[in-house]
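Colleague: input-v2.cif is reproduced in full below (mmCIF, C-alpha atoms (C1' of nucleotides)).
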data_structure
loop_
_atom_site.label_atom_id
_atom_site.label_comp_id
_atom_site.auth_asym_id
_atom_site.auth_seq_id
_atom_site.Cartn_x
_atom_site.Cartn_y
_atom_site.Cartn_z
CA MET A 1 10.16 -23.39 -21.43
CA SER A 2 9.47 -20.10 -19.73
CA THR A 3 9.03 -19.12 -16.12
CA GLU A 4 7.42 -15.81 -17.02
CA ILE A 5 3.95 -15.09 -15.73
CA TYR A 6 2.82 -12.69 -18.42
CA ASP A 7 3.66 -12.96 -22.10
CA ALA A 8 3.08 -10.65 -25.03
CA ASN A 9 -0.06 -12.49 -26.07
CA THR A 10 -1.90 -12.67 -22.78
CA TYR A 11 -0.76 -9.58 -20.90
CA GLU A 12 -3.60 -7.11 -20.40
CA PRO A 13 -2.34 -4.10 -18.46
CA ARG A 14 -5.62 -3.25 -16.82
CA LYS A 15 -6.16 -6.77 -15.53
CA SER A 16 -2.62 -7.25 -14.37
CA VAL A 17 -1.44 -7.54 -10.82
CA GLY A 18 0.24 -4.16 -11.05
CA HIS A 19 -2.79 -2.15 -11.92
CA LEU A 20 -5.15 -4.09 -9.71
CA MET A 21 -2.89 -3.61 -6.74
CA ASN A 22 -2.76 0.10 -7.35
CA ARG A 23 -6.52 0.32 -7.32
CA VAL A 24 -6.94 -1.79 -4.22
CA ARG A 25 -4.34 0.20 -2.35
CA THR A 26 -5.98 3.49 -3.27
CA ALA A 27 -9.38 2.22 -2.19
CA MET A 28 -8.04 0.89 1.11
CA PHE A 29 -6.25 4.11 1.95
CA ALA A 30 -9.31 6.18 1.15
CA ALA A 31 -11.46 3.88 3.29
CA LEU A 32 -9.06 4.10 6.21
CA ASP A 33 -8.82 7.87 5.90
CA ALA A 34 -12.60 8.03 6.09
CA GLU A 35 -12.73 5.66 9.04
CA LEU A 36 -10.11 7.56 11.02
CA GLY A 37 -11.84 10.83 10.23
CA ALA A 38 -15.22 9.55 11.35
CA ASP A 39 -14.15 8.12 14.70
CA THR A 40 -15.21 10.37 17.54
CA ASP A 41 -12.04 10.02 19.57
CA LEU A 42 -9.64 10.27 16.65
CA ALA A 43 -11.23 12.90 14.46
CA ARG A 44 -9.55 15.74 16.34
CA PHE A 45 -6.12 14.39 15.35
CA GLU A 46 -7.05 14.27 11.68
CA VAL A 47 -4.67 11.39 11.23
CA SER A 48 -4.34 9.85 7.79
CA ALA A 49 -3.77 6.26 6.75
CA ALA A 50 -0.12 7.02 6.00
CA GLN A 51 0.32 8.61 9.39
CA PHE A 52 -1.21 5.60 11.07
CA VAL A 53 1.45 3.38 9.56
CA VAL A 54 4.15 5.49 11.17
CA ILE A 55 2.46 5.53 14.54
CA ALA A 56 1.96 1.81 14.36
CA SER A 57 5.64 1.23 13.64
CA LEU A 58 6.54 3.24 16.70
CA ALA A 59 3.91 1.66 18.89
CA MET A 60 4.98 -1.85 17.96
CA GLY A 61 8.60 -1.00 18.72
CA GLU A 62 9.66 -1.67 15.15
CA ALA A 63 11.51 1.63 14.85
CA ASP A 64 12.71 4.43 17.04
CA SER A 65 14.40 6.83 14.65
CA ALA A 66 13.49 8.61 11.44
CA SER A 67 15.80 6.56 9.27
CA GLN A 68 14.56 3.31 10.75
CA LEU A 69 11.03 4.39 10.01
CA CYS A 70 11.97 5.12 6.41
CA LYS A 71 13.55 1.73 5.91
CA GLY A 72 10.82 -0.15 7.73
CA ILE A 73 7.97 1.24 5.71
CA SER A 74 9.72 2.16 2.44
CA TYR A 75 9.25 5.86 2.71
CA ASP A 76 11.21 8.81 1.35
CA ALA A 77 13.47 10.53 3.88
CA GLY A 78 12.41 14.02 2.93
CA ALA A 79 8.79 13.07 3.16
CA MET A 80 9.47 11.48 6.53
CA THR A 81 10.83 14.68 7.99
CA ARG A 82 7.60 16.44 7.17
CA MET A 83 5.51 13.50 8.25
CA ILE A 84 7.20 13.72 11.63
CA ASP A 85 6.57 17.47 11.67
CA ARG A 86 2.88 16.85 11.23
CA LEU A 87 2.62 14.14 13.85
CA GLU A 88 4.68 16.18 16.27
CA SER A 89 2.50 19.25 15.83
CA LYS A 90 -0.50 17.07 16.59
CA GLY A 91 1.13 16.04 19.81
CA LEU A 92 1.24 12.35 18.92
CA ILE A 93 5.01 11.88 18.79
CA ARG A 94 8.12 13.58 20.11
CA ARG A 95 11.62 14.18 18.66
CA ARG A 96 14.79 13.78 20.67
CA ARG A 97 18.39 13.95 19.46
CA ASP A 98 20.23 10.70 20.07
CA ALA A 99 23.02 11.18 22.60
CA ASP A 100 25.36 8.58 21.13
CA ASP A 101 24.96 9.42 17.47
CA ARG A 102 23.95 13.03 17.11
CA ARG A 103 22.98 12.58 13.49
CA LEU A 104 20.04 10.50 14.66
CA VAL A 105 16.71 11.80 15.79
CA ASN A 106 14.93 9.40 18.08
CA ILE A 107 11.19 9.36 17.77
CA GLU A 108 8.81 8.24 20.46
CA LEU A 109 5.09 8.29 21.01
CA THR A 110 3.74 10.80 23.46
CA GLU A 111 1.30 9.73 26.13
CA GLN A 112 -1.46 11.00 23.86
CA GLY A 113 -0.07 8.96 20.99
CA ARG A 114 0.06 5.80 23.03
CA GLU A 115 -3.50 6.36 24.16
CA ALA A 116 -4.82 6.95 20.65
CA PHE A 117 -3.07 4.03 19.01
CA PRO A 118 -5.40 1.18 20.02
CA LYS A 119 -8.36 2.99 18.56
CA MET A 120 -6.51 3.63 15.31
CA ARG A 121 -5.48 0.02 15.19
CA GLN A 122 -9.11 -0.93 15.59
CA CYS A 123 -10.11 1.26 12.65
CA ALA A 124 -7.40 -0.11 10.40
CA MET A 125 -8.30 -3.66 11.32
CA GLY A 126 -11.93 -3.02 10.53
CA VAL A 127 -11.13 -1.64 7.11
CA LEU A 128 -8.91 -4.58 6.28
CA ASN A 129 -11.50 -7.05 7.40
CA ARG A 130 -14.07 -5.34 5.21
CA PHE A 131 -11.82 -5.61 2.18
CA LEU A 132 -11.12 -9.24 2.99
CA ARG A 133 -14.77 -10.17 3.38
CA GLY A 134 -15.33 -13.66 2.05
CA PHE A 135 -11.68 -14.64 2.37
CA THR A 136 -10.77 -17.72 4.33
CA GLN A 137 -7.92 -17.52 6.80
CA ASN A 138 -5.88 -19.60 4.41
CA GLU A 139 -6.50 -17.26 1.52
CA ALA A 140 -5.53 -14.24 3.60
CA ARG A 141 -2.30 -15.86 4.73
CA GLN A 142 -1.59 -16.79 1.16
CA LEU A 143 -2.15 -13.24 0.00
CA GLU A 144 0.24 -11.97 2.66
CA SER A 145 2.80 -14.50 1.54
CA PHE A 146 2.42 -13.47 -2.12
CA LEU A 147 3.01 -9.85 -1.20
CA ASN A 148 6.07 -10.70 0.87
CA ARG A 149 7.50 -12.69 -1.97
CA MET A 150 6.99 -9.78 -4.35
CA LEU A 151 8.75 -7.47 -1.92
CA GLU A 152 11.69 -9.81 -1.77
CA ASN A 153 11.83 -9.84 -5.56
CA SER A 154 12.24 -6.08 -5.69
CA MET B 1 -17.57 -18.23 15.17
CA SER B 2 -16.11 -15.26 13.33
CA THR B 3 -15.51 -14.58 9.67
CA GLU B 4 -13.01 -11.83 10.39
CA ILE B 5 -9.50 -12.24 9.07
CA TYR B 6 -7.68 -10.10 11.61
CA ASP B 7 -8.50 -9.87 15.30
CA ALA B 8 -7.21 -7.64 18.06
CA ASN B 9 -4.74 -10.26 19.24
CA THR B 10 -3.09 -11.18 15.99
CA TYR B 11 -3.28 -8.02 13.89
CA GLU B 12 0.15 -6.50 13.23
CA PRO B 13 -0.20 -3.41 11.08
CA ARG B 14 3.16 -3.69 9.38
CA LYS B 15 2.63 -7.30 8.38
CA SER B 16 -0.93 -6.79 7.25
CA VAL B 17 -2.20 -6.95 3.71
CA GLY B 18 -2.79 -3.21 3.71
CA HIS B 19 0.69 -2.13 4.49
CA LEU B 20 2.35 -4.81 2.41
CA MET B 21 0.28 -3.88 -0.60
CA ASN B 22 1.25 -0.27 -0.22
CA ARG B 23 4.91 -1.14 -0.25
CA VAL B 24 4.65 -3.50 -3.18
CA ARG B 25 2.72 -0.98 -5.21
CA THR B 26 5.24 1.76 -4.50
CA ALA B 27 8.12 -0.51 -5.46
CA MET B 28 6.44 -1.62 -8.68
CA PHE B 29 5.62 1.91 -9.77
CA ALA B 30 9.14 3.09 -9.06
CA ALA B 31 10.54 0.15 -11.01
CA LEU B 32 8.30 0.83 -13.97
CA ASP B 33 9.11 4.54 -13.92
CA ALA B 34 12.78 3.63 -14.03
CA GLU B 35 12.26 1.12 -16.81
CA LEU B 36 10.28 3.53 -18.97
CA GLY B 37 12.84 6.24 -18.35
CA ALA B 38 15.75 4.01 -19.30
CA ASP B 39 14.33 2.70 -22.57
CA THR B 40 15.99 4.38 -25.52
CA ASP B 41 12.85 4.76 -27.59
CA LEU B 42 10.61 5.83 -24.75
CA ALA B 43 12.84 8.10 -22.70
CA ARG B 44 12.03 11.15 -24.82
CA PHE B 45 8.36 10.87 -23.86
CA GLU B 46 9.17 10.77 -20.17
CA VAL B 47 6.09 8.70 -19.59
CA SER B 48 5.31 7.58 -16.04
CA ALA B 49 3.77 4.38 -14.77
CA ALA B 50 0.48 6.17 -14.18
CA GLN B 51 0.51 7.56 -17.69
CA PHE B 52 1.17 4.13 -19.12
CA VAL B 53 -2.02 2.83 -17.56
CA VAL B 54 -4.02 5.50 -19.38
CA ILE B 55 -2.35 4.82 -22.70
CA ALA B 56 -2.90 1.12 -22.24
CA SER B 57 -6.60 1.62 -21.60
CA LEU B 58 -6.89 3.56 -24.83
CA ALA B 59 -4.76 1.17 -26.82
CA MET B 60 -6.75 -1.84 -25.66
CA GLY B 61 -10.00 -0.12 -26.60
CA GLU B 62 -11.22 -0.19 -23.01
CA ALA B 63 -12.08 3.51 -23.02
CA ASP B 64 -12.44 6.34 -25.47
CA SER B 65 -13.43 9.28 -23.29
CA ALA B 66 -12.13 10.98 -20.19
CA SER B 67 -14.93 9.76 -17.97
CA GLN B 68 -14.60 6.20 -19.18
CA LEU B 69 -10.91 6.36 -18.37
CA CYS B 70 -11.68 7.58 -14.86
CA LYS B 71 -14.12 4.79 -14.21
CA GLY B 72 -11.99 2.14 -15.78
CA ILE B 73 -8.91 2.84 -13.76
CA SER B 74 -10.41 4.44 -10.62
CA TYR B 75 -8.92 7.85 -11.15
CA ASP B 76 -10.01 11.30 -10.06
CA ALA B 77 -11.68 13.36 -12.80
CA GLY B 78 -9.74 16.52 -12.04
CA ALA B 79 -6.49 14.65 -12.06
CA MET B 80 -7.52 13.03 -15.34
CA THR B 81 -7.97 16.37 -17.08
CA ARG B 82 -4.39 17.28 -16.32
CA MET B 83 -3.16 13.79 -17.04
CA ILE B 84 -4.67 14.17 -20.50
CA ASP B 85 -3.04 17.59 -20.81
CA ARG B 86 0.33 16.04 -20.19
CA LEU B 87 -0.11 13.17 -22.59
CA GLU B 88 -1.52 15.48 -25.23
CA SER B 89 1.43 17.85 -24.94
CA LYS B 90 3.72 14.90 -25.44
CA GLY B 91 1.87 14.11 -28.62
CA LEU B 92 0.77 10.67 -27.49
CA ILE B 93 -2.99 11.26 -27.44
CA ARG B 94 -5.52 13.63 -28.96
CA ARG B 95 -8.71 15.28 -27.66
CA ARG B 96 -11.85 15.63 -29.74
CA ARG B 97 -15.25 16.84 -28.64
CA ASP B 98 -17.89 14.18 -29.15
CA ALA B 99 -20.37 15.27 -31.82
CA ASP B 100 -23.35 13.46 -30.31
CA ASP B 101 -22.81 14.35 -26.66
CA ARG B 102 -20.91 17.60 -26.46
CA ARG B 103 -20.15 17.11 -22.79
CA LEU B 104 -17.86 14.28 -23.72
CA VAL B 105 -14.28 14.56 -24.81
CA ASN B 106 -13.19 11.64 -26.89
CA ILE B 107 -9.62 10.61 -26.45
CA GLU B 108 -7.61 8.70 -28.99
CA LEU B 109 -4.03 7.70 -29.41
CA THR B 110 -2.02 9.55 -32.00
CA GLU B 111 0.05 7.66 -34.50
CA GLN B 112 3.04 8.29 -32.25
CA GLY B 113 1.11 6.93 -29.28
CA ARG B 114 0.13 3.79 -31.12
CA GLU B 115 3.70 3.27 -32.15
CA ALA B 116 5.11 3.71 -28.67
CA PHE B 117 2.59 1.54 -26.88
CA PRO B 118 4.03 -1.93 -27.64
CA LYS B 119 7.38 -0.92 -26.23
CA MET B 120 5.75 0.45 -23.07
CA ARG B 121 3.73 -2.69 -22.74
CA GLN B 122 6.93 -4.65 -22.99
CA CYS B 123 8.50 -2.63 -20.18
CA ALA B 124 5.51 -3.01 -17.92
CA MET B 125 5.33 -6.71 -18.56
CA GLY B 126 9.00 -7.09 -17.75
CA VAL B 127 8.63 -5.32 -14.45
CA LEU B 128 5.64 -7.42 -13.46
CA ASN B 129 7.40 -10.62 -14.39
CA ARG B 130 10.37 -9.59 -12.27
CA PHE B 131 8.16 -8.98 -9.25
CA LEU B 132 6.42 -12.29 -9.84
CA ARG B 133 9.62 -14.27 -10.13
CA GLY B 134 9.15 -17.68 -8.58
CA PHE B 135 5.35 -17.56 -8.87
CA THR B 136 3.56 -20.37 -10.65
CA GLN B 137 0.88 -19.50 -13.16
CA ASN B 138 -1.66 -20.71 -10.67
CA GLU B 139 -0.35 -18.49 -7.93
CA ALA B 140 -0.40 -15.46 -10.20
CA ARG B 141 -3.98 -16.14 -11.26
CA GLN B 142 -4.91 -16.58 -7.63
CA LEU B 143 -3.31 -13.28 -6.71
CA GLU B 144 -5.25 -11.54 -9.46
CA SER B 145 -8.42 -13.13 -8.21
CA PHE B 146 -7.73 -12.03 -4.63
CA LEU B 147 -7.25 -8.46 -5.79
CA ASN B 148 -10.42 -8.50 -7.83
CA ARG B 149 -12.37 -9.80 -4.86
CA MET B 150 -10.99 -7.02 -2.69
CA LEU B 151 -12.02 -4.45 -5.26
CA GLU B 152 -15.52 -5.86 -5.28
CA ASN B 153 -15.63 -5.60 -1.51
CA SER B 154 -14.92 -1.88 -1.62
"C1'" DT C 1 45.79 14.25 12.52
"C1'" DG C 2 43.52 15.36 8.29
"C1'" DA C 3 41.25 14.13 4.04
"C1'" DC C 4 37.46 11.67 2.37
"C1'" DA C 5 33.50 8.78 2.02
"C1'" DA C 6 29.11 7.34 4.23
"C1'" DT C 7 25.03 8.27 6.88
"C1'" DA C 8 21.11 11.10 8.95
"C1'" DA C 9 18.08 14.66 8.89
"C1'" DT C 10 16.54 18.61 6.68
"C1'" DA C 11 14.97 22.25 3.17
"C1'" DG C 12 13.71 23.68 -1.53
"C1'" DC C 13 11.57 22.70 -5.71
"C1'" DC C 14 8.51 20.17 -8.59
"C1'" DT C 15 4.92 16.85 -9.68
"C1'" DT C 16 0.72 14.93 -8.94
"C1'" DG C 17 -3.45 13.18 -6.81
"C1'" DA C 18 -7.78 14.38 -3.97
"C1'" DC C 19 -11.55 17.38 -3.20
"C1'" DA C 20 -14.80 21.15 -3.99
"C1'" DA C 21 -16.85 24.51 -6.93
"C1'" DT C 22 -18.17 25.88 -11.66
"C1'" DG C 23 -20.11 25.87 -16.31
"C1'" DA C 24 -21.89 23.44 -20.19
"C1'" DT C 25 -24.69 19.93 -21.86
"C1'" DA C 26 -28.12 16.19 -21.85
"C1'" DG C 27 -32.17 13.59 -20.34
"C1'" DC C 28 -36.56 13.57 -18.22
"C1'" DC C 29 -40.94 15.06 -16.89
"C1'" DT C 30 -44.93 17.91 -16.93
"C1'" DA D 1 -40.77 25.21 -23.76
"C1'" DG D 2 -39.31 25.36 -18.87
"C1'" DG D 3 -37.51 23.40 -14.77
"C1'" DC D 4 -35.06 19.85 -12.42
"C1'" DT D 5 -31.43 16.70 -11.98
"C1'" DA D 6 -27.48 14.12 -13.53
"C1'" DT D 7 -23.29 13.87 -16.06
"C1'" DC D 8 -18.88 15.57 -17.95
"C1'" DA D 9 -14.90 18.22 -18.17
"C1'" DT D 10 -12.47 21.79 -16.24
"C1'" DT D 11 -10.32 24.80 -12.75
"C1'" DG D 12 -8.43 26.28 -8.26
"C1'" DT D 13 -6.69 24.93 -4.03
"C1'" DC D 14 -4.45 22.05 -0.96
"C1'" DA D 15 -1.80 18.03 0.83
"C1'" DA D 16 1.86 14.93 0.25
"C1'" DG D 17 5.55 12.32 -1.93
"C1'" DG D 18 9.95 12.19 -4.85
"C1'" DC D 19 14.30 14.12 -6.00
"C1'" DT D 20 18.29 16.90 -5.23
"C1'" DA D 21 21.21 19.67 -2.72
"C1'" DT D 22 22.90 20.97 1.94
"C1'" DT D 23 24.52 20.52 6.64
"C1'" DA D 24 26.09 18.02 10.60
"C1'" DT D 25 27.98 14.11 12.21
"C1'" DT D 26 30.41 9.68 12.17
"C1'" DG D 27 33.68 6.26 10.57
"C1'" DT D 28 37.74 5.02 7.83
"C1'" DC D 29 42.16 5.13 6.30
"C1'" DA D 30 46.51 6.91 5.07
#
Let me see whether you can do it: turn the structure in this file into structure tokens.

Modeller:
Amino acid sequence: MSTEIYDANTYEPRKSVGHLMNRVRTAMFAALDAELGADTDLARFEVSAAQFVVIASLAMGEADSASQLCKGISYDAGAMTRMIDRLESKGLIRRRRDADDRRLVNIELTEQGREAFPKMRQCAMGVLNRFLRGFTQNEARQLESFLNRMLENS
Amino acid sequence: MSTEIYDANTYEPRKSVGHLMNRVRTAMFAALDAELGADTDLARFEVSAAQFVVIASLAMGEADSASQLCKGISYDAGAMTRMIDRLESKGLIRRRRDADDRRLVNIELTEQGREAFPKMRQCAMGVLNRFLRGFTQNEARQLESFLNRMLENS
DNA sequence: TGACAATAATAGCCTTGACAATGATAGCCT
DNA sequence: AGGCTATCATTGTCAAGGCTATTATTGTCA
């Protein structure tokens, strides 16, 4: 007996979970980029979907340093430095060297960042709900659980 | 009553389907890149996860021109031109102007490409099966169906 | 104390995808 | 045939992530 999901006979790359997920992710990010760019209050920040994820992590108190952000959202450290550059130059976040461990750079939202977050959150939520149109609550929870299980398998 | 999945009270960006899917996708692509790079037969081609998807589409007869590839896998046309450049320079595929419609460029696998494909397919399948460890067949089919429904909603 | 490994942020280089503009071709319509 | 529009591939440009040093700092251990 086998516990494998795909086997050599039935596996069709283009219909597989891997490829499908790639397409859905790309579509969702593009949709969120568009949404954030179209919003009257947010357009001036030109914030992208990826940037929103960082801001959200800070706003929800899930991270307060660059390295924590990297771990929390699975993001490259070098890319994070520049991501922080961008958000800082937009006035949405602020850097501050940690006093205890001077290797660390603490990151916090600025007043402007805190103000803008709820609107961004609203946009992101709207996009997700659009993509999940026709899903029951149960199905959505199940999808979340599937994704979490895949993450744990990695 | 509401048909919305997420609402302002319960929506947590980092736990949402959007962010989770982004992380899973990134992890899967990285894993497949590593797998393809480690395989003795395939390493010399230095083929990436994204490139595999193109080769697979050709091998499965799901596309035979650049534009069909773009549509089939939701890929930018400009990016596809250069993707084809790369694969062609590796000797895995071949370009040929279509005789009937000279706007079209037909793409076909070379002998080398056809030979290499089964091994790539094997790698990709292995990665997917690893990420889907612990899933029942039903759950996997359900996940595929969820993703397809999201694509249709976009 | 000093050598050495581990961690954090950063900078440089390279790859690659997205977007817009361009040129060639095809289909349609009159 | 001529004009209009759509489609296809290509190119240039730009933005962003991945990888690999590099530097500063911390912790460990002899």

Colleague: What are the nearest atom pairs, with distances in Å to one decimal, for all residues of chain C that come at most 12 Å from chain B, using all atoms listed in the file, set out by chain and rising residue number as JSON lines?

Modeller:
{"residue": "C:DT15", "atom": "C1'", "partner": "B:Ser48", "partner_atom": "CA", "distance": 11.2}
{"residue": "C:DT16", "atom": "C1'", "partner": "B:Ala79", "partner_atom": "CA", "distance": 7.9}
{"residue": "C:DG17", "atom": "C1'", "partner": "B:Ala79", "partner_atom": "CA", "distance": 6.2}
{"residue": "C:DA18", "atom": "C1'", "partner": "B:Asp76", "partner_atom": "CA", "distance": 7.2}
{"residue": "C:DC19", "atom": "C1'", "partner": "B:Gly78", "partner_atom": "CA", "distance": 9.1}
{"residue": "C:DA20", "atom": "C1'", "partner": "B:Gly78", "partner_atom": "CA", "distance": 10.6}
{"residue": "C:DA21", "atom": "C1'", "partner": "B:Gly78", "partner_atom": "CA", "distance": 11.9}
{"residue": "C:DG23", "atom": "C1'", "partner": "B:Arg103", "partner_atom": "CA", "distance": 10.9}
{"residue": "C:DA24", "atom": "C1'", "partner": "B:Arg103", "partner_atom": "CA", "distance": 7.1}
{"residue": "C:DT25", "atom": "C1'", "partner": "B:Arg103", "partner_atom": "CA", "distance": 5.4}
{"residue": "C:DA26", "atom": "C1'", "partner": "B:Asp101", "partner_atom": "CA", "distance": 7.4}
{"residue": "C:DG27", "atom": "C1'", "partner": "B:Asp101", "partner_atom": "CA", "distance": 11.3}

Colleague: Could you tell me which residues the PyMOL selection byres ((chain A) within 7 of (chain B)) returns for this structure, as number ranges by chain?

Modeller: A: 4-6, 13-14, 17-18, 20-25, 27, 56-57, 74, 125, 128-133, 137, 143-144, 147, 150-151, 153-154

Colleague: Translate the PyMOL selection byres ((chain D) within 9 of (chain A)) into a concrete residue list for this structure, as a list in words.

Modeller: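 With the shown file as input, the PyMOL selection byres ((chain D) within 9 of (chain A)) matches DA16, DG17, DG18, DA24, DT25 and DT26 of chain D.
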
Colleague: Which residues match the PyMOL selection byres ((chain D and resi 3) around 12) in the file above, as an MDAnalysis selection string?

Modeller: (chainID C and resid 28:30) or (chainID D and resid 1:2 4:5)

Colleague: Suppose we keep C-alpha atoms (C1' of nucleotides); can you now write the selection as a CSV table (one decimal), in the coordinates of the input?

Modeller:
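Wrote again-v1.csv, looks like this:
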chain,number,residue,atom,x,y,z
C,28,DC,C1',-36.6,13.6,-18.2
C,29,DC,C1',-40.9,15.1,-16.9
C,30,DT,C1',-44.9,17.9,-16.9
D,1,DA,C1',-40.8,25.2,-23.8
D,2,DG,C1',-39.3,25.4,-18.9
D,4,DC,C1',-35.1,19.8,-12.4
D,5,DT,C1',-31.4,16.7,-12.0

Colleague: Identify the residues around (2.2, 9.3, 21.3) within a radius of 9 Å, measuring from all atoms listed in the file in the coordinates stated by the file, and give them as a list in words.

Modeller: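 Returned residue set, sorted by chain then number, is Ile55, Leu58, Ala59, Leu87, Glu88, Gly91, Leu92, Ile93, Arg94, Glu108, Leu109, Thr110, Glu111, Gln112, Gly113, Arg114, Glu115, Ala116 and Phe117 of chain A.
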
Colleague: Between C1' of DT13 (chain D) and CA of Met120 (chain A), what is the distance, to one decimal in Å?

Modeller: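 Separating C1' of DT13 (chain D) from CA of Met120 (chain A) is a distance of 28.8 Å.
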
Colleague: Separation of CA of Ala99 (chain A) and C1' of DA21 (chain D), in Å?

Modeller: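 Interatomic distance here is 26.8 Å.
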
Colleague: In Å to one decimal, how far is CA of Ala66 (chain A) from CA of Arg96 (chain A)?

Modeller: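 For CA of Arg96 (chain A) relative to CA of Ala66 (chain A), the distance reads 10.7 Å.
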
Colleague: DC29 (chain D): which residues within 10 Å, counting all atoms listed in the file, same-chain residues fewer than 2 positions away excluded, as a VMD selection string?

Modeller: (chain C and resid 3 to 4) or (chain D and resid 27)
